[in-house]
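The structure appears below as C-alpha coordinates.
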Amino acid sequence: MLEAIRMGDSTILRKMYEQNFHVVADMIEKNNGSKEDARDIFQEGIMVIYEKLKDPNFTLTSNFSTYLYSVCKYLWMNQLRKKSRTEVTLDDTITSIVVNDIERDIAEKEKRQLYQEKFSQLGEDCQQLLSLFFSGSSMKEIVEKMKLSSIAYAKKRKFVCKEKLISLIEKDRVYTELMRS
(Lines give C-alpha, C1' and ligand atoms only; values in the text may rest on other atoms or scores of the structure.)
Protein backbone atom coordinates (compact mmCIF):
# COMPACT_ATOMS: atom_id res chain seq x y z
CA MET A 1 0.00 0.00 0.00
CA LEU A 2 2.76 2.45 0.95
CA GLU A 3 4.60 1.87 -2.31
CA ALA A 4 1.35 2.29 -4.24
CA ILE A 5 0.78 5.66 -2.60
CA ARG A 6 4.37 6.67 -3.34
CA MET A 7 4.03 5.66 -6.98
CA GLY A 8 0.45 6.88 -7.46
CA ASP A 9 -0.69 3.41 -8.61
CA SER A 10 -4.37 4.08 -9.37
CA THR A 11 -5.42 0.40 -9.30
CA ILE A 12 -4.01 -0.20 -5.82
CA LEU A 13 -5.18 3.23 -4.62
CA ARG A 14 -8.74 2.43 -5.78
CA LYS A 15 -8.61 -0.92 -3.98
CA MET A 16 -7.28 0.78 -0.83
CA TYR A 17 -10.16 3.27 -1.05
CA GLU A 18 -12.71 0.45 -1.39
CA GLN A 19 -11.24 -1.41 1.58
CA ASN A 20 -10.87 1.54 3.94
CA PHE A 21 -13.24 4.38 3.08
CA HIS A 22 -16.39 2.86 4.61
CA VAL A 23 -14.72 2.51 8.03
CA VAL A 24 -13.59 6.16 8.00
CA ALA A 25 -16.98 7.30 6.70
CA ASP A 26 -18.79 5.38 9.48
CA MET A 27 -16.59 6.99 12.14
CA ILE A 28 -17.16 10.49 10.73
CA GLU A 29 -20.91 10.04 10.22
CA LYS A 30 -21.28 8.76 13.81
CA ASN A 31 -19.54 11.94 14.95
CA ASN A 32 -21.60 14.69 13.32
CA GLY A 33 -20.12 14.47 9.83
CA SER A 34 -21.37 13.76 6.33
CA LYS A 35 -20.21 11.54 3.47
CA GLU A 36 -18.69 14.65 1.89
CA ASP A 37 -16.76 15.36 5.11
CA ALA A 38 -15.58 11.74 5.05
CA ARG A 39 -14.34 12.06 1.45
CA ASP A 40 -12.43 15.24 2.31
CA ILE A 41 -10.90 13.77 5.46
CA PHE A 42 -10.00 10.51 3.70
CA GLN A 43 -8.25 12.42 0.92
CA GLU A 44 -6.41 14.59 3.43
CA GLY A 45 -5.41 11.46 5.36
CA ILE A 46 -3.88 9.96 2.22
CA MET A 47 -1.99 13.21 1.65
CA VAL A 48 -0.66 13.18 5.24
CA ILE A 49 0.60 9.63 4.71
CA TYR A 50 2.07 10.59 1.33
CA GLU A 51 3.99 13.46 2.99
CA LYS A 52 5.13 11.09 5.73
CA LEU A 53 6.46 8.66 3.11
CA LYS A 54 8.89 11.33 1.90
CA ASP A 55 10.79 10.89 5.17
CA PRO A 56 13.32 8.08 4.60
CA ASN A 57 13.28 7.30 8.35
CA PHE A 58 9.54 6.63 8.40
CA THR A 59 8.56 3.08 9.23
CA LEU A 60 5.01 1.89 9.63
CA THR A 61 4.62 0.11 12.98
CA SER A 62 0.97 -0.90 12.58
CA ASN A 63 -0.99 -2.23 9.65
CA PHE A 64 -1.81 0.29 6.94
CA SER A 65 -5.57 0.33 7.57
CA THR A 66 -5.06 1.07 11.26
CA TYR A 67 -2.65 3.88 10.49
CA LEU A 68 -4.93 5.42 7.85
CA TYR A 69 -7.93 5.19 10.17
CA SER A 70 -5.97 6.83 13.00
CA VAL A 71 -4.77 9.66 10.77
CA CYS A 72 -8.33 10.29 9.54
CA LYS A 73 -9.69 10.09 13.06
CA TYR A 74 -7.20 12.68 14.26
CA LEU A 75 -7.95 14.95 11.29
CA TRP A 76 -11.69 14.74 12.02
CA MET A 77 -11.19 15.39 15.76
CA ASN A 78 -9.02 18.36 14.87
CA GLN A 79 -11.66 19.74 12.50
CA LEU A 80 -14.44 19.30 15.08
CA ARG A 81 -12.30 20.97 17.74
CA LYS A 82 -11.68 23.96 15.48
CA LYS A 83 -15.39 24.26 14.69
CA SER A 84 -16.56 24.00 18.29
CA ARG A 85 -13.56 25.63 20.02
CA THR A 86 -13.83 22.98 22.75
CA GLU A 87 -12.26 19.61 23.38
CA VAL A 88 -13.71 16.77 21.34
CA THR A 89 -13.43 13.10 22.22
CA LEU A 90 -14.38 10.31 19.85
CA ASP A 91 -14.90 6.68 20.81
CA ASP A 92 -11.43 5.19 20.86
CA THR A 93 -11.74 1.92 18.99
CA ILE A 94 -8.18 1.72 17.75
CA THR A 95 -5.31 2.48 20.10
CA SER A 96 -2.34 0.87 18.37
CA ILE A 97 -1.15 4.12 16.76
CA VAL A 98 0.93 6.83 18.32
CA VAL A 99 -1.29 9.90 17.97
CA ASN A 100 1.48 12.32 18.98
CA ASP A 101 3.36 11.55 15.77
CA ILE A 102 0.27 12.25 13.67
CA GLU A 103 -0.49 15.43 15.61
CA ARG A 104 3.04 16.70 15.07
CA ASP A 105 2.93 15.97 11.34
CA ILE A 106 -0.41 17.71 10.88
CA ALA A 107 0.67 20.70 12.99
CA GLU A 108 3.80 21.01 10.84
CA LYS A 109 1.68 20.90 7.69
CA GLU A 110 -0.61 23.62 9.08
CA LYS A 111 2.40 25.75 10.03
CA ARG A 112 3.87 25.43 6.52
CA GLN A 113 0.51 26.36 4.96
CA LEU A 114 0.20 29.40 7.25
CA TYR A 115 3.76 30.48 6.49
CA GLN A 116 3.23 30.10 2.72
CA GLU A 117 -0.04 32.01 2.83
CA LYS A 118 1.44 34.92 4.78
CA PHE A 119 4.66 34.90 2.77
CA SER A 120 2.61 35.39 -0.41
CA GLN A 121 1.04 38.50 1.17
CA LEU A 122 4.42 40.22 1.41
CA GLY A 123 5.55 42.59 -1.30
CA GLU A 124 7.62 41.20 -4.16
CA ASP A 125 10.85 42.74 -2.89
CA CYS A 126 10.38 41.22 0.58
CA GLN A 127 9.56 37.83 -0.93
CA GLN A 128 12.66 37.95 -3.11
CA LEU A 129 14.93 39.15 -0.30
CA LEU A 130 13.71 36.54 2.19
CA SER A 131 13.81 33.77 -0.43
CA LEU A 132 17.41 34.60 -1.21
CA PHE A 133 18.28 34.81 2.48
CA PHE A 134 16.53 31.55 3.42
CA SER A 135 18.16 29.74 0.48
CA GLY A 136 21.59 30.62 1.91
CA SER A 137 22.62 33.62 -0.17
CA SER A 138 25.06 35.94 1.56
CA MET A 139 24.10 39.54 2.19
CA LYS A 140 26.66 40.55 -0.44
CA GLU A 141 24.96 38.29 -3.00
CA ILE A 142 21.55 39.68 -2.03
CA VAL A 143 22.81 43.26 -2.54
CA GLU A 144 24.13 42.34 -6.00
CA LYS A 145 21.09 40.34 -7.14
CA MET A 146 18.56 42.90 -5.90
CA LYS A 147 20.70 45.92 -6.81
CA LEU A 148 20.46 47.35 -3.29
CA SER A 149 22.64 50.26 -2.14
CA SER A 150 24.58 48.49 0.65
CA ILE A 151 24.84 45.47 2.91
CA ALA A 152 23.61 47.56 5.83
CA TYR A 153 20.48 48.51 3.88
CA ALA A 154 19.94 44.86 2.86
CA LYS A 155 20.18 43.79 6.52
CA LYS A 156 17.68 46.48 7.52
CA ARG A 157 15.25 45.41 4.75
CA LYS A 158 15.63 41.76 5.77
CA PHE A 159 14.80 42.68 9.37
CA VAL A 160 11.75 44.73 8.31
CA CYS A 161 10.52 41.97 5.97
CA LYS A 162 10.94 39.26 8.62
CA GLU A 163 9.10 41.40 11.17
CA LYS A 164 6.26 41.98 8.70
CA LEU A 165 6.02 38.23 8.03
CA ILE A 166 6.04 37.43 11.74
CA SER A 167 3.36 40.04 12.37
CA LEU A 168 1.12 38.65 9.61
CA ILE A 169 1.50 35.14 11.00
CA GLU A 170 0.90 36.10 14.63
CA LYS A 171 -2.29 38.02 13.77
CA ASP A 172 -3.87 34.99 12.09
CA ARG A 173 -6.33 32.92 14.16
CA VAL A 174 -4.75 29.70 12.84
CA TYR A 175 -1.50 30.73 14.54
CA THR A 176 -3.36 31.23 17.83
CA GLU A 177 -4.93 27.76 17.51
CA LEU A 178 -1.58 26.18 16.67
CA MET A 179 0.02 27.79 19.69
CA ARG A 180 -2.75 26.46 21.95
CA SER A 181 -2.39 22.87 20.79
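Ordered as shown in the C-alpha coordinates, chains take letters A, B, and onward, while each chain numbers its residues from 1 and ligands are numbered from 1 in the order shown.
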request  = Enumerate the residues of segment 1-126 of chain A with a DSSP assignment of helix (DSSP H, G or I), computed from the backbone, and present them as an NGL selection string.
outcome  = :A and (2-7 or 10-29 or 35-53 or 64-84 or 99-119 or 124-126)
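Nearest-residue note for Glu44 of chain A: choosing from A:Thr176, A:Ser138, A:Gln79, A:Ser167, the minimum distance belongs to A:Gln79, counting only C-alpha atoms.
Nearest to Glu29 of chain A of all the residues A:Met47, A:Ser65, A:Lys73, A:Phe133 is A:Lys73, based on only C-alpha atoms.
Residue nearest Met146 of chain A, chosen from A:Asp55, A:Glu163, A:Glu108, A:Asp125 and counting only C-alpha atoms: A:Asp125.
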task = Would you list the contacts of segment 111-122 of chain A as a PyMOL selection string, taking every protein, DNA or RNA residue within 10 Å and counting only C-alpha atoms, but skipping same-chain residues closer than 5 positions in sequence?
result = chain A and resi 105-106+127-128+130-131+161-162+164-170+172+174-175+178
